[in-house]
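J.: So that we are looking at the same thing, I have put the structure below in structure tokens.
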Amino acid sequence: MSRVDRSALPSTEAAPAFRFPRLERRVLDNGLEVRALAHHAVPVVSLVLLLPGGSSADPADRPGLAALTADLVDEGSGGRDALEVADRLARLGADLDIDVTADATVISMTTLARFLEPALEMLGEIVMAPTLADEDFARVRGLRLDRLRQLRDHAPAVAERAFARIIYGDHPYGHLSIGTEAALGAMTAADVRAFHQRAYIPQGTTLVMAGDARHADLLEAGVRAFAAWPSGALPLDRTAALAAPPLVPAERLAIVPRPGAAQSELRIGHLCASRDTPDYHALLLLNTVLGGQFVSRVNLNLREDKGYTYGARTGIDLRRGLGPFVLQMSVQTEVTAAAITEALREIDLIRGAKPVTDLERDLAVRSLTLGYPRGFETAQQVARSVAQLALHGLPDSYFEAFVPAISDVGLADLTRVARHYLDPSRLVTLIVGDHESIAGSLRSLNLGEPAVLGV
Amino acid sequence: MRHFPTRRLLSWLVRAAGVAVASGTFLVASGLPLDATVRLEAAVQAPAAAAPAPSTAAAPPPFQYERVQLPNGLTVIYHQDHSTPIAHVQLWYHVGSKDERPGRTGFAHLFEHMMFKGSRNVEPEQHTSMISSVGGRANAYTNEDATVYWQTVPSHFLPMVLWMEADRMATLRVDERTFINEREVVKEERRMRIENQPYGRLNEIIYANAFTTHPYRHPVIGSMADLESATIDDVREFHRTYYVPANATMVVAGDFDMAETQQMVTRYFGRIPKAEREVPRDIPREPPQTREKRVVVEEAWPLPAVVVAHHITYDGHPDAYPLHIVSKVLSDGQSSRIFRRLVYDTGLALTAFGGANIIEHPNLFYAVALVNPGQSVAEVERALIAELDKLKTDGITERELQRAKNQFARDYIIGRESLQQKATHLAHAEVLHADITTADGEFHIFQNITREDVQRVANTYFKPETRLVLHVLPRGSGQ
């Protein structure tokens, strides 16, 4: 074997510039916007319908209503019962996904390109004319209640729910889309029908179509399928969701006891920024260095150096309104306090005592920019990306401008955003774990007595 | 698995129930949040209405590839696709948990982690950092039969990936501190995936009771005690034995120049020496089960679980294809017969699911139901077995068969969209079927399955004497 073979890293040429496929659009009289892109890799077409609203549009006393409605729209529509809808989708080989996020309900369907017309017809029926029958409501609500009960035993779900509650309080972002047992128990089929009437309307809604067809054909098919959708009378009021949540959290340290748990599930964070922040690219880069990739500071420290966890990561959930910065990991029970100390230290250090270095910045810039085309490999990825542009009101040029914008972020910008957007004095630490085993060690954190929360 | 995929990990239980648990999402490169998805599956089974089923049975174009074997035994498969400027390298080593020695369960997976800890010319963790620095992604996973390393990079960084993969195939660095730390990481992985999950030990319990001899009786992640007793010498020995060219298959897929890349592969991999000895394949066989097995265990779970399992055949056996359809009809999602009967129609179970684990050696079909409060375990067992029996006596309808085929055709085409998916199909055919042509051939096999095939395999494999019935009761319930 020759050592010379592999001792030197092969050199490489410069990266080609990233080009996003051309987007064409049409706005219907009823207000629906249709966007189309050709994507010819395989004979597949992907449809994504974005309805603004999502779980933050849930009425205050009905958390979970948007998600329950989304769960019911394909249980019968256009005169077909649930059996027929399911059967027709299956026979088209159409894959229907419905996501309810904090800001939007996203209904997507991927199918073979030659089923474009029937797939659009199905999508139209599901969105415009769902039956929302009493008996389907009862069944689906029953299933959701069962799922909520199961989630009480699922530490990450318990943590997500408690953390949202602590940082947002009563704000519309303060609950998960699945809602609560009490609210689901109180809901009626009439609530669902009323919500559907207000939230499933063409105004503000975007249909994205990407796939193996010509722009004009895609647009025409989309227009035909949705031209008859009547404009709604009462669009959702989004003021509450976009209002500022409380900036100072109710608790700094909280625990949801889980006796005998093998691990502590942790969330550490605070409210941070909204998607329209002018510092978007700098924040993205900062997060990449701190905890957004495998070779980030927190993962290298907590996993690679200490062996406390299988993985530690940070993220900033950027929404229409103010979203949180969160560090998350699950650690062995006995190192809970030590892991929290290290995590808090890393967040503090990047703000100035140990600012982002040239090397770290370069690695993060390369990581974000060179791999950028990878995110647009399939028709579904492309369609979903365009739907996000619509949700956040971003220009068509956004994807092509991304790489230069990231490359422009300098070290001074990173330190500035770290100081501005990360605030150790507001960080909330939530633990889902064995309270009895760790209670003593938590005193070393100097965060006061933990608030003890229910599941 | 080496580290988290981008999507948050949910326990199988939550996935089986189709729940989105998180509203919290993470920034990724495109700035688009990755959300947990609520997948709405067809709620119930098809009625016997008459509309003709649209056929999706047009075969997709066959894979274009070139298969080359180097003199040292390394198999390389090249698949060109110039549609996106990226390249994907997927390297399979034909060693998984079924190759582990007694007392060393979990070692194949622990070893996978060590492959990121440096080689002669690559520093510990430099592999990940280099891939990241070029905007690539890399990860690895281990299952019962194979250990797979993959990376996707902008295509002009393909040489770097080949260079790094060759370096860690040829040489491996191991030092005591790294090894001990990584063992802790893997122990946390076990705690996270198994011990801190509701019903996380269910798979272990099923396999430990269904198998007596074959190493499939052990979980891929291994036991804590075995992880603890693994040594650095084990790491060296494992690399020498299994990480040899003749035991490896590499797929290079994407936007690259064929002649240049083949030359590069020869340069980096060609001089890795042949193994000194054959790769051991003396895996103990499972003796046939000749009597029904009934087992009752207790676990600290909130609700009882009932499992009905049967020994079935291996991946590539002609019966395996109709068995996939059996599995789809019986237990795949909320439209499946078992879910419909136990959850929708009778309310006996909170949830019910299952599937056929069709892998390299004969494995299991199993169905699981979580018993609703107030319902009887015996009744749930009867209902599960009745659904299997019904398939033996009545088979499936033409409509169910056509639906299963259409869904299969859809999955087949959509499942071959990305480079990584294509590479996985090619490598799977080459390594586990020892026949790369099956990467294409299976489409037609599926489209030609008949109702008689489905009924026949149900009768072949769902015999009382090959059955395991397992009741997992809440601890101290004395039920």
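Quick note on naming: the chains in the structure tokens go A, B, ... in the order shown, residues restart at 1 in each chain, and ligands are numbered from 1 in order of appearance.
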DSSP on the backbone: what in stretch 341-408 of chain B comes out strand (DSSP E or B), as a list of chain:residue names?
T.: B:Ala349, B:Leu350, B:Thr351, B:Ala352, B:Phe353, B:Gly354, B:Gly355, B:Ala356, B:Leu364, B:Phe365, B:Tyr366, B:Ala367, B:Val368, B:Ala369, B:Leu370, B:Val371
J.: I want to know what sits within 7 Å of stretch 393-410 of chain A, based on only C-alpha atoms, with residues of the same chain fewer than 6 positions away left out; could you give that as a list in words?
T.: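 These residues fall inside the cut-off: Phe18, Arg19, Phe20, His281, Ala282, Val365 and Thr369 of chain A.
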J.: Would you save the residues of that selection, restricted to all heavy atoms, as a compact mmCIF listing (two decimals), in the first residue's frame?
T.:
# COMPACT_ATOMS: atom_id res chain seq x y z
N PHE A 18 -25.49 29.13 -7.87
CA PHE A 18 -26.76 28.43 -7.73
C PHE A 18 -27.88 29.15 -8.48
O PHE A 18 -28.06 30.35 -8.35
CB PHE A 18 -27.12 28.32 -6.25
CG PHE A 18 -28.49 27.73 -6.03
CD1 PHE A 18 -28.75 26.41 -6.36
CD2 PHE A 18 -29.52 28.51 -5.52
CE1 PHE A 18 -30.00 25.87 -6.19
CE2 PHE A 18 -30.78 27.97 -5.34
CZ PHE A 18 -31.02 26.65 -5.67
N ARG A 19 -28.61 28.42 -9.30
CA ARG A 19 -29.74 28.98 -10.06
C ARG A 19 -31.03 28.27 -9.64
O ARG A 19 -31.09 27.04 -9.66
CB ARG A 19 -29.53 28.78 -11.56
CG ARG A 19 -28.43 29.65 -12.14
CD ARG A 19 -28.97 31.02 -12.54
NE ARG A 19 -27.87 31.95 -12.79
CZ ARG A 19 -27.43 32.85 -11.90
NH1 ARG A 19 -27.99 32.94 -10.71
NH2 ARG A 19 -26.44 33.65 -12.19
N PHE A 20 -32.01 29.06 -9.27
CA PHE A 20 -33.30 28.47 -8.89
C PHE A 20 -34.19 28.44 -10.13
O PHE A 20 -34.17 29.35 -10.94
CB PHE A 20 -33.95 29.32 -7.79
CG PHE A 20 -35.13 28.65 -7.16
CD1 PHE A 20 -34.94 27.61 -6.26
CD2 PHE A 20 -36.42 29.03 -7.45
CE1 PHE A 20 -36.02 26.97 -5.66
CE2 PHE A 20 -37.51 28.40 -6.87
CZ PHE A 20 -37.31 27.37 -5.97
N HIS A 281 -29.64 36.35 8.09
CA HIS A 281 -28.48 35.56 7.64
C HIS A 281 -27.41 35.46 8.70
O HIS A 281 -26.79 34.41 8.88
CB HIS A 281 -27.94 36.12 6.32
CG HIS A 281 -28.94 36.04 5.20
ND1 HIS A 281 -29.80 37.08 4.88
CD2 HIS A 281 -29.24 35.02 4.35
CE1 HIS A 281 -30.58 36.71 3.88
NE2 HIS A 281 -30.26 35.47 3.53
N ALA A 282 -27.20 36.55 9.44
CA ALA A 282 -26.20 36.52 10.51
C ALA A 282 -26.64 35.57 11.62
O ALA A 282 -25.82 34.80 12.17
CB ALA A 282 -26.00 37.93 11.07
N VAL A 365 -19.92 29.25 6.88
CA VAL A 365 -20.32 29.85 5.60
C VAL A 365 -20.27 28.78 4.51
O VAL A 365 -21.20 28.62 3.71
CB VAL A 365 -19.40 31.04 5.22
CG1 VAL A 365 -19.61 31.44 3.76
CG2 VAL A 365 -19.68 32.23 6.14
N THR A 369 -23.43 27.44 2.34
CA THR A 369 -23.52 27.89 0.95
C THR A 369 -23.22 26.79 -0.06
O THR A 369 -23.94 26.62 -1.03
CB THR A 369 -22.58 29.08 0.68
OG1 THR A 369 -21.24 28.70 1.02
CG2 THR A 369 -22.98 30.28 1.53
J.: Write out as a ChimeraX atom specification the residues lying within 7 Å of stretch 451-454 of chain A, counting only C-alpha atoms and excluding same-chain residues fewer than 3 positions away.
T.: /A:251,253-256
J.: Write out the residues from the selection above, keeping N, CA and C atoms, as a PDB file, in the first residue's frame.
T.:
ATOM      1  N   GLU A 251     -40.757  31.641  34.435  1.00  0.00           N
ATOM      2  CA  GLU A 251     -39.828  30.826  35.231  1.00  0.00           C
ATOM      3  C   GLU A 251     -38.458  30.831  34.584  1.00  0.00           C
ATOM      4  N   LEU A 253     -36.175  28.294  35.798  1.00  0.00           N
ATOM      5  CA  LEU A 253     -35.836  26.880  35.912  1.00  0.00           C
ATOM      6  C   LEU A 253     -37.109  26.116  36.231  1.00  0.00           C
ATOM      7  N   ALA A 254     -37.394  25.096  35.435  1.00  0.00           N
ATOM      8  CA  ALA A 254     -38.624  24.339  35.679  1.00  0.00           C
ATOM      9  C   ALA A 254     -38.370  22.870  35.425  1.00  0.00           C
ATOM     10  N   ILE A 255     -39.138  22.029  36.094  1.00  0.00           N
ATOM     11  CA  ILE A 255     -38.980  20.589  35.895  1.00  0.00           C
ATOM     12  C   ILE A 255     -40.346  19.922  35.793  1.00  0.00           C
ATOM     13  N   VAL A 256     -40.457  19.018  34.832  1.00  0.00           N
ATOM     14  CA  VAL A 256     -41.621  18.142  34.774  1.00  0.00           C
ATOM     15  C   VAL A 256     -41.122  16.792  35.273  1.00  0.00           C
TER      16      VAL A 256
END
J.: When you look at stretch 173-190 of chain B with a cut-off of 6 Å (counting only C-alpha atoms), what residues show up, excluding the ones that are within fewer than 4 positions of it in the same chain? I need them as a list in words.
T.: Gly307, Thr309 and Tyr310 of chain A; Gly118, Ser119 and Ile194 of chain B
J.: Pull N, CA, C and O atoms from the residues just selected and write them as a PDB file, in the first residue's frame.
T.:
ATOM      1  N   GLY A 307     -19.170  13.368  26.376  1.00  0.00           N
ATOM      2  CA  GLY A 307     -19.909  12.100  26.272  1.00  0.00           C
ATOM      3  C   GLY A 307     -21.198  12.104  27.091  1.00  0.00           C
ATOM      4  O   GLY A 307     -21.707  11.065  27.481  1.00  0.00           O
ATOM      5  N   THR A 309     -24.187  13.131  26.044  1.00  0.00           N
ATOM      6  CA  THR A 309     -25.406  13.024  25.241  1.00  0.00           C
ATOM      7  C   THR A 309     -25.110  12.424  23.882  1.00  0.00           C
ATOM      8  O   THR A 309     -23.968  12.453  23.414  1.00  0.00           O
ATOM      9  N   TYR A 310     -26.154  11.905  23.243  1.00  0.00           N
ATOM     10  CA  TYR A 310     -26.022  11.422  21.869  1.00  0.00           C
ATOM     11  C   TYR A 310     -26.008  12.598  20.908  1.00  0.00           C
ATOM     12  O   TYR A 310     -25.526  12.488  19.781  1.00  0.00           O
TER      13      TYR A 310
ATOM     14  N   GLY B 118     -11.024   9.109  13.029  1.00  0.00           N
ATOM     15  CA  GLY B 118      -9.724   9.349  12.426  1.00  0.00           C
ATOM     16  C   GLY B 118      -9.094   8.129  11.788  1.00  0.00           C
ATOM     17  O   GLY B 118      -9.338   6.989  12.168  1.00  0.00           O
ATOM     18  N   SER B 119      -8.286   8.400  10.750  1.00  0.00           N
ATOM     19  CA  SER B 119      -7.517   7.365  10.062  1.00  0.00           C
ATOM     20  C   SER B 119      -6.123   7.951   9.839  1.00  0.00           C
ATOM     21  O   SER B 119      -5.830   9.040  10.338  1.00  0.00           O
ATOM     22  N   ILE B 194     -34.140   3.641  23.484  1.00  0.00           N
ATOM     23  CA  ILE B 194     -34.786   2.454  24.029  1.00  0.00           C
ATOM     24  C   ILE B 194     -35.327   2.714  25.441  1.00  0.00           C
ATOM     25  O   ILE B 194     -36.502   2.555  25.703  1.00  0.00           O
TER      26      ILE B 194
END
J.: Kindly indicate which residue among A:Thr188, A:Gln150, A:Ser330, A:Ser46 lies nearest to A:Leu112, using only C-alpha atoms for the distances.
T.: A:Ser46
J.: Nearest to B:Thr438 among B:Arg217, B:Arg341, B:Arg267, B:His317, with distances taken over only C-alpha atoms: which residue is it?
T.: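 Of all the options, B:His317 lies closest to B:Thr438.
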J.: Run DSSP on the backbone and tell me which residues of stretch 349-417 of chain B come out as helix (DSSP H, G or I); list them as a ChimeraX atom specification.
T.: /B:377-394,398-414
J.: Go ahead and write the residues just picked, N, CA and C atoms, as an mmCIF file, in the first residue's frame.
T.:
data_model
loop_
_atom_site.group_PDB
_atom_site.id
_atom_site.type_symbol
_atom_site.label_atom_id
_atom_site.label_comp_id
_atom_site.auth_asym_id
_atom_site.auth_seq_id
_atom_site.Cartn_x
_atom_site.Cartn_y
_atom_site.Cartn_z
ATOM 1 N N VAL B 377 -57.034 -8.850 27.245
ATOM 2 C CA VAL B 377 -55.861 -9.255 26.482
ATOM 3 C C VAL B 377 -56.185 -10.467 25.610
ATOM 4 N N ALA B 378 -56.953 -11.397 26.177
ATOM 5 C CA ALA B 378 -57.286 -12.616 25.432
ATOM 6 C C ALA B 378 -58.131 -12.282 24.191
ATOM 7 N N GLU B 379 -59.039 -11.318 24.368
ATOM 8 C CA GLU B 379 -59.900 -10.925 23.251
ATOM 9 C C GLU B 379 -59.059 -10.287 22.134
ATOM 10 N N VAL B 380 -58.099 -9.450 22.522
ATOM 11 C CA VAL B 380 -57.232 -8.804 21.540
ATOM 12 C C VAL B 380 -56.413 -9.861 20.802
ATOM 13 N N GLU B 381 -55.899 -10.833 21.539
ATOM 14 C CA GLU B 381 -55.134 -11.911 20.892
ATOM 15 C C GLU B 381 -55.999 -12.649 19.877
ATOM 16 N N ARG B 382 -57.224 -12.966 20.273
ATOM 17 C CA ARG B 382 -58.128 -13.676 19.355
ATOM 18 C C ARG B 382 -58.378 -12.862 18.087
ATOM 19 N N ALA B 383 -58.575 -11.549 18.263
ATOM 20 C CA ALA B 383 -58.880 -10.697 17.103
ATOM 21 C C ALA B 383 -57.676 -10.611 16.157
ATOM 22 N N LEU B 384 -56.480 -10.518 16.718
ATOM 23 C CA LEU B 384 -55.276 -10.459 15.872
ATOM 24 C C LEU B 384 -55.136 -11.740 15.063
ATOM 25 N N ILE B 385 -55.262 -12.876 15.754
ATOM 26 C CA ILE B 385 -55.089 -14.163 15.073
ATOM 27 C C ILE B 385 -56.203 -14.363 14.038
ATOM 28 N N ALA B 386 -57.404 -13.887 14.360
ATOM 29 C CA ALA B 386 -58.528 -14.042 13.424
ATOM 30 C C ALA B 386 -58.239 -13.307 12.112
ATOM 31 N N GLU B 387 -57.610 -12.136 12.203
ATOM 32 C CA GLU B 387 -57.293 -11.403 10.971
ATOM 33 C C GLU B 387 -56.281 -12.164 10.119
ATOM 34 N N LEU B 388 -55.309 -12.778 10.759
ATOM 35 C CA LEU B 388 -54.338 -13.581 10.009
ATOM 36 C C LEU B 388 -55.019 -14.802 9.383
ATOM 37 N N ASP B 389 -55.900 -15.423 10.158
ATOM 38 C CA ASP B 389 -56.600 -16.605 9.660
ATOM 39 C C ASP B 389 -57.498 -16.269 8.468
ATOM 40 N N LYS B 390 -58.122 -15.097 8.557
ATOM 41 C CA LYS B 390 -59.029 -14.693 7.483
ATOM 42 C C LYS B 390 -58.276 -14.578 6.147
ATOM 43 N N LEU B 391 -57.045 -14.137 6.255
ATOM 44 C CA LEU B 391 -56.237 -14.014 5.047
ATOM 45 C C LEU B 391 -55.954 -15.400 4.455
ATOM 46 N N LYS B 392 -55.804 -16.395 5.363
ATOM 47 C CA LYS B 392 -55.529 -17.759 4.894
ATOM 48 C C LYS B 392 -56.757 -18.355 4.213
ATOM 49 N N THR B 393 -57.923 -18.120 4.775
ATOM 50 C CA THR B 393 -59.122 -18.763 4.198
ATOM 51 C C THR B 393 -59.685 -17.967 3.026
ATOM 52 N N ASP B 394 -59.721 -16.632 3.137
ATOM 53 C CA ASP B 394 -60.405 -15.836 2.106
ATOM 54 C C ASP B 394 -59.470 -15.066 1.178
ATOM 55 N N GLU B 398 -59.502 -8.441 -5.270
ATOM 56 C CA GLU B 398 -58.779 -7.943 -6.427
ATOM 57 C C GLU B 398 -58.473 -6.453 -6.237
ATOM 58 N N ARG B 399 -59.461 -5.777 -5.640
ATOM 59 C CA ARG B 399 -59.309 -4.348 -5.436
ATOM 60 C C ARG B 399 -58.187 -4.025 -4.439
ATOM 61 N N GLU B 400 -58.115 -4.789 -3.373
ATOM 62 C CA GLU B 400 -57.035 -4.592 -2.400
ATOM 63 C C GLU B 400 -55.680 -4.829 -3.053
ATOM 64 N N LEU B 401 -55.654 -5.870 -3.886
ATOM 65 C CA LEU B 401 -54.399 -6.196 -4.554
ATOM 66 C C LEU B 401 -53.988 -5.043 -5.474
ATOM 67 N N GLN B 402 -54.956 -4.530 -6.252
ATOM 68 C CA GLN B 402 -54.635 -3.455 -7.186
ATOM 69 C C GLN B 402 -54.177 -2.202 -6.443
ATOM 70 N N ARG B 403 -54.843 -1.929 -5.344
ATOM 71 C CA ARG B 403 -54.445 -0.777 -4.529
ATOM 72 C C ARG B 403 -53.017 -0.929 -4.026
ATOM 73 N N ALA B 404 -52.724 -2.111 -3.508
ATOM 74 C CA ALA B 404 -51.383 -2.359 -2.977
ATOM 75 C C ALA B 404 -50.345 -2.183 -4.088
ATOM 76 N N LYS B 405 -50.701 -2.651 -5.298
ATOM 77 C CA LYS B 405 -49.759 -2.536 -6.413
ATOM 78 C C LYS B 405 -49.564 -1.076 -6.813
ATOM 79 N N ASN B 406 -50.662 -0.314 -6.826
ATOM 80 C CA ASN B 406 -50.537 1.105 -7.182
ATOM 81 C C ASN B 406 -49.694 1.859 -6.164
ATOM 82 N N GLN B 407 -49.944 1.561 -4.899
ATOM 83 C CA GLN B 407 -49.135 2.223 -3.874
ATOM 84 C C GLN B 407 -47.673 1.825 -4.003
ATOM 85 N N PHE B 408 -47.490 0.540 -4.332
ATOM 86 C CA PHE B 408 -46.117 0.078 -4.522
ATOM 87 C C PHE B 408 -45.454 0.827 -5.684
ATOM 88 N N ALA B 409 -46.194 0.982 -6.795
ATOM 89 C CA ALA B 409 -45.629 1.666 -7.964
ATOM 90 C C ALA B 409 -45.274 3.109 -7.617
ATOM 91 N N ARG B 410 -46.145 3.751 -6.868
ATOM 92 C CA ARG B 410 -45.883 5.126 -6.451
ATOM 93 C C ARG B 410 -44.618 5.185 -5.573
ATOM 94 N N ASP B 411 -44.580 4.317 -4.550
ATOM 95 C CA ASP B 411 -43.405 4.302 -3.667
ATOM 96 C C ASP B 411 -42.140 4.004 -4.451
ATOM 97 N N TYR B 412 -42.290 3.123 -5.424
ATOM 98 C CA TYR B 412 -41.139 2.715 -6.221
ATOM 99 C C TYR B 412 -40.555 3.908 -6.963
ATOM 100 N N ILE B 413 -41.427 4.689 -7.583
ATOM 101 C CA ILE B 413 -40.952 5.822 -8.379
ATOM 102 C C ILE B 413 -40.476 6.967 -7.482
ATOM 103 N N ILE B 414 -41.292 7.313 -6.489
ATOM 104 C CA ILE B 414 -40.894 8.412 -5.603
ATOM 105 C C ILE B 414 -39.690 8.010 -4.758
#
J.: Hey, which of A:Asp217, A:Glu377, A:Asp170, A:Glu342 ends up closest to chain B? Count only C-alpha atoms.
T.: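 Closest candidate: A:Glu377.
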J.: Interatomic distance between atom CA of B:Leu227 and atom CA of A:Val335?
T.: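 Going from atom CA of B:Leu227 over to atom CA of A:Val335, I get 19.5 Å.
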J.: Identify, on the basis of only C-alpha atoms, every residue whose closest approach to A:Val417 does not exceed 10 Å; exclude the query and any residue fewer than 4 positions from it along the same chain; express the result as a list in words.
T.: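 Neighbouring residues, sequence-local ones excluded: Asp279, Tyr280, Ala282, Leu283, Leu286, Arg351, Ala412, Asp413, Tyr421 and Leu422 of chain A.
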J.: Write out the residues from the selection above, keeping C-alpha atoms, as a PDB file, in the first residue's frame.
T.:
ATOM      1  CA  ASP A 279     -30.321  39.938  10.788  1.00  0.00           C
ATOM      2  CA  TYR A 280     -31.669  36.680   9.389  1.00  0.00           C
ATOM      3  CA  ALA A 282     -26.202  36.520  10.515  1.00  0.00           C
ATOM      4  CA  LEU A 283     -28.429  34.653  12.969  1.00  0.00           C
ATOM      5  CA  LEU A 286     -24.335  32.231  14.384  1.00  0.00           C
ATOM      6  CA  ARG A 351     -21.460  36.637  23.061  1.00  0.00           C
ATOM      7  CA  ALA A 412     -18.334  41.791  13.821  1.00  0.00           C
ATOM      8  CA  ASP A 413     -21.888  41.073  12.645  1.00  0.00           C
ATOM      9  CA  TYR A 421     -30.320  38.147  20.279  1.00  0.00           C
ATOM     10  CA  LEU A 422     -28.910  35.868  23.007  1.00  0.00           C
TER      11      LEU A 422
END
J.: In Å, rounded to a single decimal, give me how far atom CA of B:Thr84 is from atom CA of B:Ala427.
T.: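 Pair atom CA of B:Ala427 / atom CA of B:Thr84 returns 21.1 Å.
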J.: Extract, using only C-alpha atoms, all DNA, RNA and protein residues at most 10 Å from A:Asp146, discarding same-chain residues fewer than 6 positions from it, and format them as a list in words.
T.: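 My reading of the contact set: Val140 and Glu181 of chain A; Ala17, Leu350, Thr351 and Asn372 of chain B.
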J.: How would the residues just picked look written out with all heavy atoms as a CSV table (one decimal), in the first residue's frame?
T.:
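Dumped to part.csv:
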chain,number,residue,atom,x,y,z
A,140,VAL,N,-62.3,11.0,14.7
A,140,VAL,CA,-61.0,11.6,14.6
A,140,VAL,C,-60.6,12.3,16.0
A,140,VAL,O,-59.5,12.2,16.4
A,140,VAL,CB,-61.0,12.6,13.5
A,140,VAL,CG1,-59.7,13.5,13.5
A,140,VAL,CG2,-61.0,11.9,12.1
A,181,GLU,N,-56.0,18.2,26.0
A,181,GLU,CA,-57.1,17.3,26.2
A,181,GLU,C,-58.4,18.0,26.5
A,181,GLU,O,-59.5,17.7,26.0
A,181,GLU,CB,-56.8,16.2,27.3
A,181,GLU,CG,-55.7,15.3,26.8
A,181,GLU,CD,-55.2,14.4,27.9
A,181,GLU,OE1,-56.0,13.8,28.7
A,181,GLU,OE2,-53.9,14.2,28.0
B,17,ALA,N,-48.6,6.2,15.7
B,17,ALA,CA,-49.8,6.9,16.0
B,17,ALA,C,-50.0,8.1,15.1
B,17,ALA,O,-51.0,8.8,15.1
B,17,ALA,CB,-49.9,7.3,17.4
B,350,LEU,N,-55.9,0.5,21.6
B,350,LEU,CA,-55.6,2.0,21.4
B,350,LEU,C,-54.9,2.2,20.1
B,350,LEU,O,-55.3,3.2,19.4
B,350,LEU,CB,-54.7,2.4,22.6
B,350,LEU,CG,-54.2,3.8,22.6
B,350,LEU,CD1,-55.4,4.7,22.8
B,350,LEU,CD2,-53.2,4.0,23.7
B,351,THR,N,-54.0,1.4,19.8
B,351,THR,CA,-53.4,1.4,18.4
B,351,THR,C,-52.9,0.0,18.1
B,351,THR,O,-52.8,-0.8,19.0
B,351,THR,CB,-52.2,2.4,18.4
B,351,THR,OG1,-51.8,2.6,17.0
B,351,THR,CG2,-51.1,2.0,19.2
B,372,ASN,N,-56.7,-1.4,25.0
B,372,ASN,CA,-57.4,-0.3,25.6
B,372,ASN,C,-57.8,-0.7,27.0
B,372,ASN,O,-58.1,-1.8,27.3
B,372,ASN,CB,-58.7,0.0,24.8
B,372,ASN,CG,-58.6,1.3,24.0
B,372,ASN,OD1,-57.8,2.2,24.5
B,372,ASN,ND2,-59.3,1.4,22.9
J.: B:Thr313: which residues within 12 Å, counting only C-alpha atoms, same-chain residues fewer than 2 positions away excluded, as number ranges by chain?
T.: B: 286, 288, 310-311, 315-324, 356-365, 457-458, 460-462, 466
